[in-house]
$ cat my_file_2.pdb   # PDB, C-alpha atoms and all ligand atoms
ATOM      1  CA  MET A   1     118.688 128.961 117.974
ATOM      2  CA  ARG A   2     115.742 129.507 115.656
ATOM      3  CA  ASN A   3     113.617 126.556 114.671
ATOM      4  CA  ILE A   4     112.641 126.141 111.054
ATOM      5  CA  LEU A   5     110.225 123.491 109.825
ATOM      6  CA  ILE A   6     109.971 122.406 106.197
ATOM      7  CA  LEU A   7     106.607 120.633 105.985
ATOM      8  CA  TYR A   8     105.630 118.987 102.730
ATOM      9  CA  ASP A   9     103.259 116.607 101.016
ATOM     10  CA  SER A  10     104.404 114.677  97.940
ATOM     11  CA  ASN A  11     103.024 111.697  96.038
ATOM     12  CA  SER A  12     105.659 111.111  93.385
ATOM     13  CA  GLY A  13     108.640 112.901  94.943
ATOM     14  CA  ASN A  14     108.707 116.247  93.094
ATOM     15  CA  THR A  15     107.629 118.450  96.001
ATOM     16  CA  LYS A  16     109.858 116.373  98.289
ATOM     17  CA  LYS A  17     112.861 117.343  96.133
ATOM     18  CA  MET A  18     111.822 120.986  96.377
ATOM     19  CA  ALA A  19     111.566 120.620 100.163
ATOM     20  CA  GLU A  20     115.116 119.282 100.330
ATOM     21  CA  TYR A  21     116.428 122.343  98.470
ATOM     22  CA  VAL A  22     114.387 124.692 100.669
ATOM     23  CA  LYS A  23     116.030 122.954 103.640
ATOM     24  CA  LEU A  24     119.498 123.504 102.132
ATOM     25  CA  GLY A  25     118.756 127.218 101.830
ATOM     26  CA  ALA A  26     117.463 127.462 105.397
ATOM     27  CA  GLU A  27     120.569 125.676 106.690
ATOM     28  CA  GLU A  28     122.843 128.354 105.232
ATOM     29  CA  ASN A  29     122.086 130.310 108.390
ATOM     30  CA  GLU A  30     124.062 128.421 111.010
ATOM     31  CA  ASN A  31     121.919 129.759 113.845
ATOM     32  CA  SER A  32     118.920 127.807 112.590
ATOM     33  CA  THR A  33     117.846 124.300 113.507
ATOM     34  CA  VAL A  34     116.065 122.940 110.447
ATOM     35  CA  LYS A  35     113.682 119.986 110.471
ATOM     36  CA  ILE A  36     112.060 118.498 107.375
ATOM     37  CA  LEU A  37     108.879 116.419 107.684
ATOM     38  CA  HIS A  38     106.390 114.766 105.378
ATOM     39  CA  VAL A  39     102.906 115.802 106.474
ATOM     40  CA  ASP A  40     102.178 112.176 107.521
ATOM     41  CA  GLN A  41     104.965 112.410 110.119
ATOM     42  CA  ALA A  42     104.015 115.832 111.478
ATOM     43  CA  SER A  43     101.963 116.776 114.519
ATOM     44  CA  ALA A  44     100.746 119.913 116.292
ATOM     45  CA  GLU A  45     103.880 119.675 118.431
ATOM     46  CA  ASP A  46     106.050 120.330 115.353
ATOM     47  CA  ILE A  47     104.026 123.431 114.540
ATOM     48  CA  ASN A  48     104.373 124.669 118.123
ATOM     49  CA  TRP A  49     108.131 123.976 117.962
ATOM     50  CA  CYS A  50     108.890 126.062 114.896
ATOM     51  CA  ASP A  51     109.523 129.808 114.658
ATOM     52  CA  GLY A  52     109.237 129.722 110.882
ATOM     53  CA  ILE A  53     107.697 127.292 108.422
ATOM     54  CA  SER A  54     107.888 126.581 104.720
ATOM     55  CA  VAL A  55     104.919 124.525 103.534
ATOM     56  CA  GLY A  56     104.949 122.742 100.174
ATOM     57  CA  THR A  57     102.402 120.589  98.401
ATOM     58  CA  PRO A  58     101.809 119.290  94.907
ATOM     59  CA  THR A  59      99.296 121.385  93.006
ATOM     60  CA  GLN A  60      96.062 119.380  93.153
ATOM     61  CA  MET A  61      93.112 120.782  91.217
ATOM     62  CA  GLY A  62      94.895 124.135  91.413
ATOM     63  CA  ILE A  63      94.994 124.197  95.203
ATOM     64  CA  ILE A  64      96.688 122.765  98.314
ATOM     65  CA  SER A  65      96.713 118.948  98.541
ATOM     66  CA  TRP A  66      93.878 117.382 100.525
ATOM     67  CA  LYS A  67      96.309 115.769 102.896
ATOM     68  CA  MET A  68      97.940 119.070 103.831
ATOM     69  CA  LYS A  69      94.542 120.736 104.201
ATOM     70  CA  LYS A  70      93.394 117.875 106.444
ATOM     71  CA  PHE A  71      96.488 118.263 108.618
ATOM     72  CA  TRP A  72      95.769 121.944 109.288
ATOM     73  CA  ASP A  73      92.044 121.242 109.719
ATOM     74  CA  GLU A  74      92.819 118.693 112.410
ATOM     75  CA  ILE A  75      95.319 120.635 114.526
ATOM     76  CA  GLY A  76      92.937 123.556 115.032
ATOM     77  CA  ASP A  77      92.013 122.629 118.626
ATOM     78  CA  GLU A  78      95.655 122.445 119.659
ATOM     79  CA  CYS A  79      97.087 125.351 117.680
ATOM     80  CA  TRP A  80      94.501 127.817 116.438
ATOM     81  CA  GLY A  81      94.642 131.108 118.322
ATOM     82  CA  LYS A  82      97.771 130.012 120.216
ATOM     83  CA  ILE A  83     100.602 130.310 117.704
ATOM     84  CA  ASP A  84     100.160 133.753 116.125
ATOM     85  CA  GLY A  85     103.275 135.594 114.981
ATOM     86  CA  LYS A  86     105.339 132.810 113.404
ATOM     87  CA  ILE A  87     106.734 133.317 109.893
ATOM     88  CA  GLY A  88     105.572 131.298 106.890
ATOM     89  CA  CYS A  89     106.092 130.786 103.171
ATOM     90  CA  ALA A  90     105.036 128.333 100.463
ATOM     91  CA  PHE A  91     106.182 126.181  97.543
ATOM     92  CA  SER A  92     104.472 123.889  95.061
ATOM     93  CA  SER A  93     105.181 121.517  92.203
ATOM     94  CA  SER A  94     102.570 121.304  89.450
ATOM     95  CA  GLY A  95     102.211 119.097  86.389
ATOM     96  CA  GLY A  96     102.938 122.005  84.034
ATOM     97  CA  TRP A  97     103.630 125.726  83.930
ATOM     98  CA  GLY A  98     100.285 127.501  84.225
ATOM     99  CA  GLY A  99      98.802 124.492  86.040
ATOM    100  CA  GLY A 100      98.096 126.471  89.206
ATOM    101  CA  ALA A 101     101.263 126.273  91.318
ATOM    102  CA  GLU A 102     101.123 129.945  92.271
ATOM    103  CA  ILE A 103      97.453 129.659  93.170
ATOM    104  CA  THR A 104      98.422 126.675  95.297
ATOM    105  CA  CYS A 105     101.066 128.776  97.040
ATOM    106  CA  MET A 106      98.360 131.344  97.719
ATOM    107  CA  SER A 107      96.054 128.676  99.132
ATOM    108  CA  ILE A 108      98.859 127.474 101.412
ATOM    109  CA  LEU A 109      99.502 131.060 102.525
ATOM    110  CA  THR A 110      95.765 131.501 103.179
ATOM    111  CA  VAL A 111      95.811 128.540 105.556
ATOM    112  CA  LEU A 112      98.924 129.893 107.296
ATOM    113  CA  MET A 113      97.336 133.332 107.630
ATOM    114  CA  ASN A 114      94.334 131.728 109.298
ATOM    115  CA  TYR A 115      96.692 130.486 111.984
ATOM    116  CA  GLY A 116      98.239 133.934 112.431
ATOM    117  CA  PHE A 117     101.461 133.309 110.494
ATOM    118  CA  LEU A 118     103.210 136.349 109.031
ATOM    119  CA  VAL A 119     103.573 135.212 105.429
ATOM    120  CA  PHE A 120     105.949 136.483 102.781
ATOM    121  CA  GLY A 121     106.842 136.292  99.111
ATOM    122  CA  VAL A 122     110.211 136.930  97.506
ATOM    123  CA  THR A 123     110.868 139.826  95.144
ATOM    124  CA  ASP A 124     114.277 138.663  93.905
ATOM    125  CA  TYR A 125     114.781 137.091  90.507
ATOM    126  CA  VAL A 126     116.879 133.923  90.474
ATOM    127  CA  ALA A 127     117.337 134.026  86.679
ATOM    128  CA  ASP A 128     116.099 135.993  83.687
ATOM    129  CA  LYS A 129     112.279 136.154  83.917
ATOM    130  CA  PHE A 130     112.213 133.662  86.765
ATOM    131  CA  THR A 131     111.055 134.609  90.216
ATOM    132  CA  LEU A 132     109.170 133.368  93.268
ATOM    133  CA  HIS A 133     106.833 136.175  94.237
ATOM    134  CA  TYR A 134     104.278 133.887  95.887
ATOM    135  CA  GLY A 135     106.678 131.110  96.809
ATOM    136  CA  ALA A 136     108.867 128.696  94.832
ATOM    137  CA  VAL A 137     107.152 126.906  91.940
ATOM    138  CA  THR A 138     108.263 124.183  89.553
ATOM    139  CA  ALA A 139     106.677 122.074  86.846
ATOM    140  CA  GLY A 140     107.523 118.517  87.861
ATOM    141  CA  GLU A 141     110.725 118.129  89.838
ATOM    142  CA  PRO A 142     113.222 120.975  90.279
ATOM    143  CA  ARG A 143     115.678 120.138  87.500
ATOM    144  CA  GLU A 144     117.036 123.377  86.052
ATOM    145  CA  GLN A 145     119.436 125.469  88.110
ATOM    146  CA  LYS A 146     116.973 128.376  88.341
ATOM    147  CA  GLU A 147     114.303 126.071  89.784
ATOM    148  CA  ILE A 148     116.751 124.728  92.342
ATOM    149  CA  ASP A 149     117.919 128.274  93.129
ATOM    150  CA  ALA A 150     114.317 129.412  93.714
ATOM    151  CA  CYS A 151     113.841 126.691  96.350
ATOM    152  CA  ILE A 152     117.178 127.475  97.999
ATOM    153  CA  LYS A 153     116.397 131.189  98.036
ATOM    154  CA  LEU A 154     113.033 130.568  99.689
ATOM    155  CA  GLY A 155     114.685 128.632 102.526
ATOM    156  CA  LYS A 156     117.404 131.237 102.878
ATOM    157  CA  LYS A 157     114.868 134.070 103.064
ATOM    158  CA  LEU A 158     112.796 132.199 105.627
ATOM    159  CA  SER A 159     115.807 131.724 107.838
ATOM    160  CA  HIS A 160     116.798 135.363 107.342
ATOM    161  CA  TRP A 161     113.358 136.729 108.241
ATOM    162  CA  VAL A 162     113.110 134.492 111.285
ATOM    163  CA  SER A 163     116.500 135.768 112.528
ATOM    164  CA  MET A 164     115.505 139.382 111.872
ATOM    165  CA  TYR A 165     112.272 138.878 113.766
ATOM    166  CA  LYS A 166     113.479 136.741 116.632
ATOM    167  CA  GLY A 167     116.897 138.378 116.992
TER     168      GLY A 167
HETATM  169  C1  LIG B 201      94.764 114.614  92.158
HETATM  170  C2  LIG B 201      95.764 115.386  91.365
HETATM  171  C3  LIG B 201      95.459 116.652  90.938
HETATM  172  C4  LIG B 201      96.364 117.389  90.190
HETATM  173  N1  LIG B 201      96.032 118.639  89.787
HETATM  174  C5  LIG B 201      96.912 119.365  89.073
HETATM  175  C6  LIG B 201      96.577 120.678  88.656
HETATM  176  O1  LIG B 201      95.528 121.227  88.954
HETATM  177  N2  LIG B 201      97.486 121.354  87.902
HETATM  178  C7  LIG B 201      98.691 120.797  87.538
HETATM  179  O2  LIG B 201      99.495 121.460  86.851
HETATM  180  N3  LIG B 201      99.041 119.556  87.952
HETATM  181  C8  LIG B 201      98.185 118.835  88.706
HETATM  182  N4  LIG B 201      98.529 117.585  89.138
HETATM  183  C9  LIG B 201      99.899 117.087  88.868
HETATM  184  C10 LIG B 201     100.843 117.286  90.071
HETATM  185  O3  LIG B 201     100.711 118.582  90.618
HETATM  186  C11 LIG B 201     102.283 117.108  89.613
HETATM  187  O4  LIG B 201     102.463 115.837  89.054
HETATM  188  C12 LIG B 201     103.298 117.312  90.753
HETATM  189  O5  LIG B 201     104.586 117.456  90.213
HETATM  190  C13 LIG B 201     103.275 116.152  91.715
HETATM  191  O6  LIG B 201     104.123 116.452  92.774
HETATM  192  P1  LIG B 201     104.631 115.310  93.770
HETATM  193  O7  LIG B 201     105.616 114.453  92.982
HETATM  194  O8  LIG B 201     105.287 116.020  94.888
HETATM  195  O9  LIG B 201     103.443 114.526  94.194
HETATM  196  C14 LIG B 201      97.635 116.836  89.881
HETATM  197  C15 LIG B 201      97.951 115.556  90.318
HETATM  198  C16 LIG B 201      97.031 114.845  91.061
HETATM  199  C17 LIG B 201      97.400 113.471  91.546
END

$ encode --input "my_file_2.pdb" --output "structure tokens" --more "lines below"
Ligand SMILES: Cc1cc2nc3c(=O)[nH]c(=O)nc-3n(C[C@H](O)[C@H](O)[C@H](O)COP(=O)(O)O)c2cc1C
Amino acid sequence: MRNILILYDSNSGNTKKMAEYVKLGAEENENSTVKILHVDQASAEDINWCDGISVGTPTQMGIISWKMKKFWDEIGDECWGKIDGKIGCAFSSSGGWGGGAEITCMSILTVLMNYGFLVFGVTDYVADKFTLHYGAVTAGEPREQKEIDACIKLGKKLSHWVSMYKG
């Protein structure tokens, strides 16, 4: 079995909804055990447990939420330098298109890279002119089918890459 963690922060529920769709996508691979956690419930043990992670936060000032940043800041002693080689990806909900969700994905990926995660984006389009090159992004909650499909695809890809890598 491969262990997949969907780790998210969310104040008003939009990123949480994205996380639930990412989880659905990851669960399409029946050889994966998928756990979803709000950042308040997560610990270093959960990061050690997973083979692949999808991290999502609301876009806050164009970057990762403070709570998610704090989480990774605080698990450094237990995890940094000890967990290299896991697979990671990102998603974010912003207030509006152009509000910085992709930059937020990049700031999440930067944190993951610092911990030695192998991070990825997705080249596929889920609808006309709608893709997730840096991770899945939505404005507000995922409402339209293409927004939902982007989240599902991210989870599916994560599970796929973890299986390819772990065998
Ligand atoms: C402190 C704070 C900063 C924010 N900064 C941005 C921003 O830079 N760009 C943007 O588009 N939306 C911004 N927003 C709006 C949220 O990203 C947006 O409402 C998001 O959908 C909230 O997701 P959540 O329901 O998971 O908390 C901000 C919201 C808060 C509370």

$ closest_residue --input "my_file_2.pdb" --among "A:Met106, A:Ala42, A:Met18, A:Leu37" --to "ligand LIG 201 (chain B)" --atoms "all atoms listed in the file"
A:Met18

$ residues_near_point --input "my_file_2.pdb" --point "(107.6, 125.4, 86.0)" --cutoff "7 Å" --atoms "all atoms listed in the file" --output "ChimeraX atom specification"
/A:96-97,137-139

$ atom_distance --input "my_file_2.pdb" --atom1 "atom CA of Ser94 of chain A" --atom2 "atom CA of Phe130 of chain A"
15.9 Å

$ residues_near_ligand --input "my_file_2.pdb" --ligand "ligand LIG 201 (chain B)" --cutoff "9 Å" --atoms "only C-alpha atoms and all ligand atoms" --output "compact mmCIF listing (two decimals) with C-alpha atoms, in the coordinates of the input"
# COMPACT_ATOMS: atom_id res chain seq x y z
CA TYR A 8 105.63 118.99 102.73
CA ASP A 9 103.26 116.61 101.02
CA SER A 10 104.40 114.68 97.94
CA ASN A 11 103.02 111.70 96.04
CA SER A 12 105.66 111.11 93.38
CA GLY A 13 108.64 112.90 94.94
CA ASN A 14 108.71 116.25 93.09
CA THR A 15 107.63 118.45 96.00
CA LYS A 16 109.86 116.37 98.29
CA LYS A 17 112.86 117.34 96.13
CA MET A 18 111.82 120.99 96.38
CA GLY A 56 104.95 122.74 100.17
CA THR A 57 102.40 120.59 98.40
CA PRO A 58 101.81 119.29 94.91
CA THR A 59 99.30 121.38 93.01
CA GLN A 60 96.06 119.38 93.15
CA MET A 61 93.11 120.78 91.22
CA GLY A 62 94.90 124.14 91.41
CA ILE A 63 94.99 124.20 95.20
CA SER A 65 96.71 118.95 98.54
CA TRP A 66 93.88 117.38 100.52
CA SER A 92 104.47 123.89 95.06
CA SER A 93 105.18 121.52 92.20
CA SER A 94 102.57 121.30 89.45
CA GLY A 95 102.21 119.10 86.39
CA GLY A 96 102.94 122.00 84.03
CA TRP A 97 103.63 125.73 83.93
CA GLY A 98 100.28 127.50 84.22
CA GLY A 99 98.80 124.49 86.04
CA GLY A 100 98.10 126.47 89.21
CA ALA A 101 101.26 126.27 91.32
CA THR A 104 98.42 126.68 95.30
CA THR A 138 108.26 124.18 89.55
CA ALA A 139 106.68 122.07 86.85
CA GLY A 140 107.52 118.52 87.86
CA GLU A 141 110.72 118.13 89.84

$ residues_around --input "my_file_2.pdb" --residues "segment 45-51 of chain A" --least-positions-apart "4" --cutoff "12 Å" --atoms "all atoms listed in the file" --output "MDAnalysis selection string"
chainID A and resid 1:7 32:41 55 71:72 75:76 78:88 112 115 117:118 158:167

$ atom_distance --input "my_file_2.pdb" --atom1 "atom CA of Tyr21 of chain A" --atom2 "atom CA of Cys151 of chain A"
5.5 Å

$ atom_distance --input "my_file_2.pdb" --atom1 "atom CA of Ser54 of chain A" --atom2 "atom CA of Arg143 of chain A"
20.0 Å

$ residues_near_point --input "my_file_2.pdb" --point "(119.6, 128.4, 101.1)" --cutoff "8 Å" --atoms "all atoms listed in the file" --output "list in words"
Tyr21, Val22, Lys23, Leu24, Gly25, Ala26, Glu27, Glu28, Asn29, Cys151, Ile152, Lys153, Leu154, Gly155, Lys156 and Lys157 of chain A

$ closest_residue --input "my_file_2.pdb" --among "A:Asn31, A:Ser43, A:Ala127, A:Leu109" --to "Lys70 of chain A" --atoms "only C-alpha atoms"
A:Ser43

$ closest_residue --input "my_file_2.pdb" --among "A:Ala44, A:Ile148, A:Cys105, A:Met113" --to "Phe91 of chain A" --atoms "all atoms listed in the file"
A:Cys105

$ decode --input "my_file_2.pdb" --residues "segment 3-14 of chain A" --atoms "N, CA and C atoms" --output "CSV table (one decimal), in the first residue's frame"
chain,number,residue,atom,x,y,z
A,3,ASN,N,0.9,5.3,0.9
A,3,ASN,CA,0.2,6.3,1.8
A,3,ASN,C,0.2,7.7,1.3
A,4,ILE,N,-1.0,8.2,1.1
A,4,ILE,CA,-1.2,9.5,0.5
A,4,ILE,C,-1.8,10.4,1.6
A,5,LEU,N,-1.2,11.6,1.8
A,5,LEU,CA,-1.8,12.5,2.8
A,5,LEU,C,-2.3,13.8,2.0
A,6,ILE,N,-3.5,14.2,2.3
A,6,ILE,CA,-4.0,15.4,1.8
A,6,ILE,C,-4.1,16.4,3.0
A,7,LEU,N,-3.2,17.3,3.0
A,7,LEU,CA,-3.0,18.2,4.2
A,7,LEU,C,-3.5,19.6,3.8
A,8,TYR,N,-4.5,20.2,4.5
A,8,TYR,CA,-5.0,21.5,4.1
A,8,TYR,C,-5.2,22.4,5.2
A,9,ASP,N,-5.2,23.7,4.9
A,9,ASP,CA,-5.7,24.7,5.8
A,9,ASP,C,-6.9,25.3,5.1
A,10,SER,N,-7.9,25.8,5.9
A,10,SER,CA,-9.1,26.4,5.3
A,10,SER,C,-9.8,27.2,6.4
A,11,ASN,N,-10.2,28.4,6.1
A,11,ASN,CA,-10.9,29.2,7.1
A,11,ASN,C,-12.4,29.2,6.9
A,12,SER,N,-12.8,29.3,5.6
A,12,SER,CA,-14.2,29.4,5.3
A,12,SER,C,-14.7,28.2,4.5
A,13,GLY,N,-13.9,27.2,4.3
A,13,GLY,CA,-14.3,25.9,3.7
A,13,GLY,C,-14.0,25.7,2.3
A,14,ASN,N,-13.5,26.7,1.6
A,14,ASN,CA,-13.3,26.5,0.1
A,14,ASN,C,-12.1,25.6,-0.2
